[in-house]
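Visitor: File follows, target.json with JSON, C-alpha atoms:
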```json
[["chain", "number", "residue", "atom", "x", "y", "z"],
["A", 199, "HIS", "CA", -21.23, 1.29, 38.30],
["A", 200, "ALA", "CA", -23.56, -1.33, 39.84],
["A", 201, "GLN", "CA", -26.14, 1.39, 40.59],
["A", 202, "LYS", "CA", -26.04, 2.63, 36.98],
["A", 203, "LYS", "CA", -26.44, -0.93, 35.73],
["A", 204, "ALA", "CA", -29.46, -1.42, 37.98],
["A", 205, "ARG", "CA", -31.04, 1.75, 36.50],
["A", 206, "GLY", "CA", -30.34, 0.51, 32.96],
["A", 207, "GLU", "CA", -27.61, 3.08, 32.30],
["A", 208, "SER", "CA", -24.07, 2.56, 31.15],
["A", 209, "SER", "CA", -21.05, 4.84, 31.07],
["A", 210, "VAL", "CA", -19.52, 5.43, 27.66],
["A", 211, "PHE", "CA", -16.37, 7.45, 27.10],
["A", 212, "VAL", "CA", -16.99, 9.93, 24.27],
["A", 213, "TRP", "CA", -14.64, 12.40, 22.58],
["A", 214, "GLU", "CA", -16.53, 15.48, 21.54],
["A", 215, "ALA", "CA", -15.92, 18.73, 19.74],
["A", 216, "SER", "CA", -18.31, 21.52, 20.62],
["A", 217, "LEU", "CA", -19.97, 23.47, 17.83],
["A", 218, "ALA", "CA", -19.46, 26.56, 19.98],
["A", 219, "PRO", "CA", -15.90, 27.90, 20.21],
["A", 220, "LEU", "CA", -14.97, 25.64, 23.12],
["A", 221, "PRO", "CA", -11.82, 23.52, 23.26],
["A", 222, "HIS", "CA", -12.02, 19.77, 22.48],
["A", 223, "THR", "CA", -13.10, 17.91, 25.56],
["A", 224, "ALA", "CA", -13.54, 14.35, 26.75],
["A", 225, "ARG", "CA", -16.27, 13.36, 29.15],
["A", 226, "THR", "CA", -18.51, 10.51, 30.18],
["A", 227, "ALA", "CA", -21.89, 10.45, 28.49],
["A", 228, "ARG", "CA", -24.94, 8.79, 30.03],
["A", 229, "GLN", "CA", -26.90, 6.40, 27.95],
["A", 230, "ASP", "CA", -30.49, 5.62, 28.92],
["A", 231, "THR", "CA", -32.38, 2.38, 28.26],
["A", 232, "GLU", "CA", -33.57, 3.56, 24.82],
["A", 233, "GLY", "CA", -29.97, 4.12, 23.71],
["A", 234, "LYS", "CA", -30.19, 7.92, 23.58],
["A", 235, "ARG", "CA", -26.96, 9.67, 24.48],
["A", 236, "ASP", "CA", -26.68, 12.99, 26.31],
["A", 237, "THR", "CA", -24.33, 15.02, 24.10],
["A", 238, "THR", "CA", -24.43, 18.50, 25.53],
["A", 239, "ILE", "CA", -21.77, 20.43, 27.37],
["A", 240, "GLY", "CA", -23.57, 22.90, 29.55],
["A", 241, "SER", "CA", -25.88, 24.78, 27.23],
["A", 242, "ALA", "CA", -23.70, 24.49, 24.11],
["A", 243, "PRO", "CA", -24.80, 21.85, 21.57],
["A", 244, "SER", "CA", -22.10, 19.40, 20.58],
["A", 245, "VAL", "CA", -21.59, 16.66, 18.08],
["A", 246, "THR", "CA", -19.67, 13.50, 18.85],
["A", 247, "MET", "CA", -16.52, 13.03, 16.81],
["A", 248, "ALA", "CA", -17.55, 9.42, 16.12],
["A", 249, "PHE", "CA", -20.59, 10.70, 14.22],
["A", 250, "LEU", "CA", -18.57, 13.20, 12.20],
["A", 251, "PHE", "CA", -16.05, 10.64, 11.01],
["A", 252, "LYS", "CA", -18.13, 7.45, 10.78],
["A", 253, "THR", "CA", -17.53, 5.28, 7.73],
["A", 254, "TYR", "CA", -20.62, 3.75, 6.10],
["A", 255, "SER", "CA", -18.91, 1.71, 3.37],
["A", 256, "PRO", "CA", -16.39, -1.12, 3.15],
["A", 257, "VAL", "CA", -12.87, 0.00, 4.14],
["A", 258, "LEU", "CA", -9.44, -0.84, 2.70],
["A", 259, "VAL", "CA", -7.18, -2.81, 5.09],
["A", 260, "PRO", "CA", -5.03, -1.00, 6.07],
["A", 261, "LYS", "CA", -7.05, 2.16, 5.44],
["A", 262, "GLN", "CA", -3.97, 4.32, 4.73],
["A", 263, "ILE", "CA", -2.48, 4.04, 1.22],
["A", 264, "MET", "CA", 1.27, 4.30, 1.56],
["A", 265, "GLY", "CA", 3.30, 6.34, -0.90],
["A", 266, "LEU", "CA", 3.48, 9.82, -2.29],
["A", 267, "HIS", "CA", 1.21, 9.50, -5.33],
["A", 268, "GLY", "CA", -2.29, 9.29, -3.83],
["A", 269, "ASP", "CA", -3.42, 12.29, -5.85],
["A", 270, "SER", "CA", -2.78, 10.49, -9.16],
["A", 271, "THR", "CA", -3.44, 7.08, -10.70],
["A", 272, "LYS", "CA", 0.04, 6.02, -9.54],
["A", 273, "GLY", "CA", -1.48, 5.85, -6.03],
["A", 274, "MET", "CA", -3.68, 2.86, -6.89],
["A", 275, "PRO", "CA", -2.86, -0.01, -4.49],
["A", 276, "ASN", "CA", -1.58, -3.34, -5.82],
["A", 277, "GLY", "CA", -4.33, -5.70, -6.88],
["A", 278, "ALA", "CA", -6.93, -2.95, -7.26],
["A", 279, "LEU", "CA", -9.09, -2.72, -10.37],
["A", 280, "GLY", "CA", -9.83, 0.99, -10.02],
["A", 281, "TYR", "CA", -8.90, 4.05, -8.00],
["A", 282, "VAL", "CA", -10.06, 7.61, -7.58],
["A", 283, "GLY", "CA", -8.61, 10.10, -5.10],
["A", 284, "GLU", "CA", -9.33, 13.69, -4.16],
["A", 285, "GLY", "CA", -6.73, 15.02, -6.53],
["A", 286, "SER", "CA", -6.54, 18.79, -6.83],
["A", 287, "ILE", "CA", -9.45, 21.18, -6.44],
["A", 288, "LEU", "CA", -7.76, 23.43, -9.00],
["A", 289, "LYS", "CA", -8.13, 21.01, -11.91],
["A", 290, "ARG", "CA", -10.97, 20.79, -14.47],
["A", 291, "LYS", "CA", -13.91, 19.54, -12.38],
["A", 292, "GLY", "CA", -12.12, 19.68, -9.06],
["A", 293, "GLN", "CA", -11.85, 16.65, -6.84],
["A", 294, "TYR", "CA", -12.56, 13.10, -8.04],
["A", 295, "ASP", "CA", -12.11, 14.12, -11.67],
["A", 296, "PRO", "CA", -12.60, 11.22, -14.11],
["A", 297, "LEU", "CA", -10.05, 12.79, -16.49],
["A", 298, "ILE", "CA", -7.34, 12.62, -13.81],
["A", 299, "PHE", "CA", -8.56, 9.23, -12.52],
["A", 300, "PRO", "CA", -9.96, 7.55, -15.65],
["A", 301, "VAL", "CA", -11.80, 4.23, -15.64],
["A", 302, "THR", "CA", -9.25, 1.42, -15.91],
["A", 303, "GLU", "CA", -9.21, -1.29, -18.55],
["A", 304, "ALA", "CA", -9.80, -3.84, -15.77],
["A", 305, "LEU", "CA", -13.05, -2.11, -14.76],
["A", 306, "LYS", "CA", -14.11, -1.75, -18.39],
["A", 307, "ALA", "CA", -13.60, -5.52, -18.80],
["A", 308, "LYS", "CA", -15.89, -6.04, -15.79],
["A", 309, "GLY", "CA", -18.61, -3.88, -17.38],
["A", 310, "ILE", "CA", -18.07, -0.39, -15.92],
["A", 311, "SER", "CA", -18.28, 2.15, -18.76],
["A", 312, "ALA", "CA", -16.63, 5.57, -18.91],
["A", 313, "GLU", "CA", -20.10, 7.11, -18.36],
["A", 314, "ASP", "CA", -20.66, 4.91, -15.29],
["A", 315, "TRP", "CA", -17.25, 5.94, -13.92],
["A", 316, "GLU", "CA", -18.01, 9.63, -14.47],
["A", 317, "ALA", "CA", -21.32, 9.21, -12.60],
["A", 318, "ILE", "CA", -19.47, 7.45, -9.74],
["A", 319, "CYS", "CA", -16.88, 10.24, -9.55],
["A", 320, "THR", "CA", -19.69, 12.82, -9.45],
["A", 321, "MET", "CA", -21.40, 10.93, -6.60],
["A", 322, "LEU", "CA", -18.12, 10.88, -4.66],
["A", 323, "ARG", "CA", -17.48, 14.61, -5.23],
["A", 324, "GLN", "CA", -21.01, 15.53, -4.15],
["A", 325, "GLY", "CA", -20.95, 13.09, -1.23],
["A", 326, "LYS", "CA", -17.72, 14.52, 0.18],
["A", 327, "GLY", "CA", -19.00, 18.08, -0.01],
["A", 328, "ALA", "CA", -16.93, 21.06, 1.04],
["A", 329, "THR", "CA", -15.88, 19.84, 4.49],
["A", 330, "GLY", "CA", -15.63, 16.07, 4.07],
["A", 331, "ILE", "CA", -17.30, 15.33, 7.40],
["A", 332, "GLY", "CA", -20.58, 13.64, 8.16],
["A", 333, "GLY", "CA", -20.04, 10.39, 6.24],
["A", 334, "GLY", "CA", -21.31, 11.58, 2.84],
["A", 335, "PHE", "CA", -18.25, 10.28, 0.98],
["A", 336, "SER", "CA", -18.52, 6.74, 2.34],
["A", 337, "LYS", "CA", -22.29, 6.80, 1.76],
["A", 338, "ALA", "CA", -21.55, 7.66, -1.88],
["A", 339, "ILE", "CA", -19.22, 4.64, -2.06],
["A", 340, "SER", "CA", -22.03, 2.44, -0.69],
["A", 341, "LYS", "CA", -24.38, 3.85, -3.32],
["A", 342, "ALA", "CA", -21.80, 3.19, -6.07],
["A", 343, "ASN", "CA", -21.53, -0.39, -4.81],
["A", 344, "GLU", "CA", -25.30, -0.77, -4.94],
["A", 345, "LEU", "CA", -25.75, 0.81, -8.39],
["A", 346, "TYR", "CA", -22.62, -0.39, -10.19],
["A", 347, "PHE", "CA", -20.01, -2.56, -8.48],
["A", 348, "ASP", "CA", -22.19, -5.25, -6.87],
["A", 349, "LYS", "CA", -23.61, -6.08, -10.31],
["A", 350, "VAL", "CA", -20.16, -6.82, -11.78],
["A", 351, "GLY", "CA", -18.57, -8.69, -8.86],
["A", 352, "CYS", "CA", -16.60, -5.75, -7.47],
["A", 353, "VAL", "CA", -16.53, -3.73, -4.27],
["A", 354, "GLY", "CA", -15.63, -0.07, -3.84],
["A", 355, "CYS", "CA", -13.98, 0.69, -0.51],
["A", 356, "TYR", "CA", -12.98, 3.76, 1.50],
["A", 357, "ALA", "CA", -9.28, 4.56, 1.79],
["A", 358, "GLU", "CA", -7.12, 7.53, 2.73],
["A", 359, "TYR", "CA", -3.82, 8.84, 1.47],
["A", 360, "GLY", "CA", -1.80, 11.69, 2.88],
["A", 361, "LYS", "CA", -3.36, 13.17, 5.98],
["A", 362, "GLY", "CA", -7.04, 12.27, 5.78],
["A", 363, "GLN", "CA", -7.41, 12.73, 2.03],
["A", 364, "LYS", "CA", -10.26, 10.48, 0.90],
["A", 365, "ALA", "CA", -10.10, 7.95, -1.91],
["A", 366, "MET", "CA", -12.09, 5.04, -3.27],
["A", 367, "VAL", "CA", -10.38, 1.84, -4.30],
["A", 368, "VAL", "CA", -12.17, -0.89, -6.30],
["A", 369, "PHE", "CA", -11.39, -4.59, -5.90],
["A", 370, "GLU", "CA", -13.05, -7.83, -6.89],
["A", 371, "THR", "CA", -15.42, -9.01, -4.12],
["A", 372, "GLU", "CA", -12.89, -11.76, -3.34],
["A", 373, "ALA", "CA", -10.91, -9.04, -1.51],
["A", 374, "ILE", "CA", -13.50, -9.15, 1.30],
["A", 375, "LYS", "CA", -12.91, -12.88, 1.84],
["A", 376, "ASN", "CA", -9.12, -12.55, 1.85],
["A", 377, "GLY", "CA", -9.17, -9.60, 4.30],
["A", 378, "ARG", "CA", -7.96, -6.83, 1.99],
["A", 379, "VAL", "CA", -11.35, -5.10, 2.39],
["A", 380, "LYS", "CA", -13.35, -4.95, 5.63],
["A", 381, "LYS", "CA", -17.11, -4.86, 5.08]]
```
Can the structure from this file be put into structure tokens for me?
Guide:
Amino acid sequence: HAQKKARGESSVFVWEASLAPLPHTARTARQDTEGKRDTTIGSAPSVTMAFLFKTYSPVLVPKQIMGLHGDSTKGMPNGALGYVGEGSILKRKGQYDPLIFPVTEALKAKGISAEDWEAICTMLRQGKGATGIGGGFSKAISKANELYFDKVGCVGCYAEYGKGQKAMVVFETEAIKNGRVKK
């Protein structure tokens, strides 16, 4: 370890999943002085799991929404002003449908219109994509914060219900100060 430190390297434990049909594996990655990480297993390219599942937006604390109704408006956590979950892909527009998860009266009172909410739901649906990996969903939440929620004193945050099903919950920005949302 002292020799690595002298060369400007550090050992970092990384969980990886190979893009080739190899089993999941854990190994030590070398990090050089520029912060580049060696992420190959033999000749097969690999992607670190941390990259695939990184969250780029504020996160609900705790992240997991308890209960059995995450796929409907009944799943909205206490104190939230708005909520949209994956819902069913078999419904009208598919996931994040504004007809299944309509804009709430509380958000309307803050200045979020039905058209704004539909645009937000569309951003979330497109951000998640088909696989839900790569951080597109949480990037869409960040964009919704920038375009809509920051202007009205609210914050959209990433949450999950069920087993990894993605949702966005909207609170007043005060939720960051009281620890309900981690920025």
Visitor: Smallest atom-to-atom distance to Cys355 of chain A: which of A:Ala278, A:Ala304, A:Leu266, A:Cys319, using all atoms listed in the file?
Guide: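 The closest residue to Cys355 of chain A is A:Ala278.
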Visitor: Would you compute the distance between atom CA of Lys341 of chain A and atom CA of Gln262 of chain A? Give it in Å to one decimal.
Guide: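 According to the coordinates, atom CA of Lys341 of chain A and atom CA of Gln262 of chain A are separated by 21.9 Å.
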Visitor: Calculated over only C-alpha atoms, which of the candidates A:Ile310, A:Gly325, A:Gly285, A:Thr302 has the smallest distance to Ser340 of chain A?
Guide: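 Using only C-alpha atoms, the shortest distance to Ser340 of chain A belongs to A:Gly325.
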Visitor: Closest to Val367 of chain A among A:Gln293, A:Glu344, A:Gly332, A:Ile339, using only C-alpha atoms?
Guide: A:Ile339
Visitor: With only C-alpha atoms counted, which protein, DNA or RNA residues have an atom no more than 9 Å from (-22.3, 1.0, -10.3) in the file frame? Please answer as a PyMOL selection string.
Guide: chain A and resi 310+314-315+317-318+341-350
Visitor: Could you state the separation of atom CA of Thr371 of chain A and atom CA of Met321 of chain A in Å, given to one decimal place?
Guide: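 Taking atom CA of Thr371 of chain A as the start and atom CA of Met321 of chain A as the end point, the length is 21.0 Å.
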Visitor: Using all atoms listed in the file for the distances, tell me which of A:Gly330, A:Leu258, A:Ala373, A:Ala338 is nearest to Met274 of chain A.
Guide: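 For Met274 of chain A, the nearest of the given residues is A:Leu258.
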Visitor: Can you measure atom CA of Thr329 of chain A to atom CA of Phe369 of chain A for me? One decimal in Å is fine.
Guide: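 Answer for the atom CA of Thr329 of chain A to atom CA of Phe369 of chain A separation: 26.9 Å.
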Visitor: What's the 9 Å shell around Glu284 of chain A, counting only C-alpha atoms, without same-chain residues fewer than 3 positions away, as JSON, numbers by chain?
Guide: {"A": [268, 269, 270, 287, 292, 293, 294, 295, 323, 363, 364, 365]}
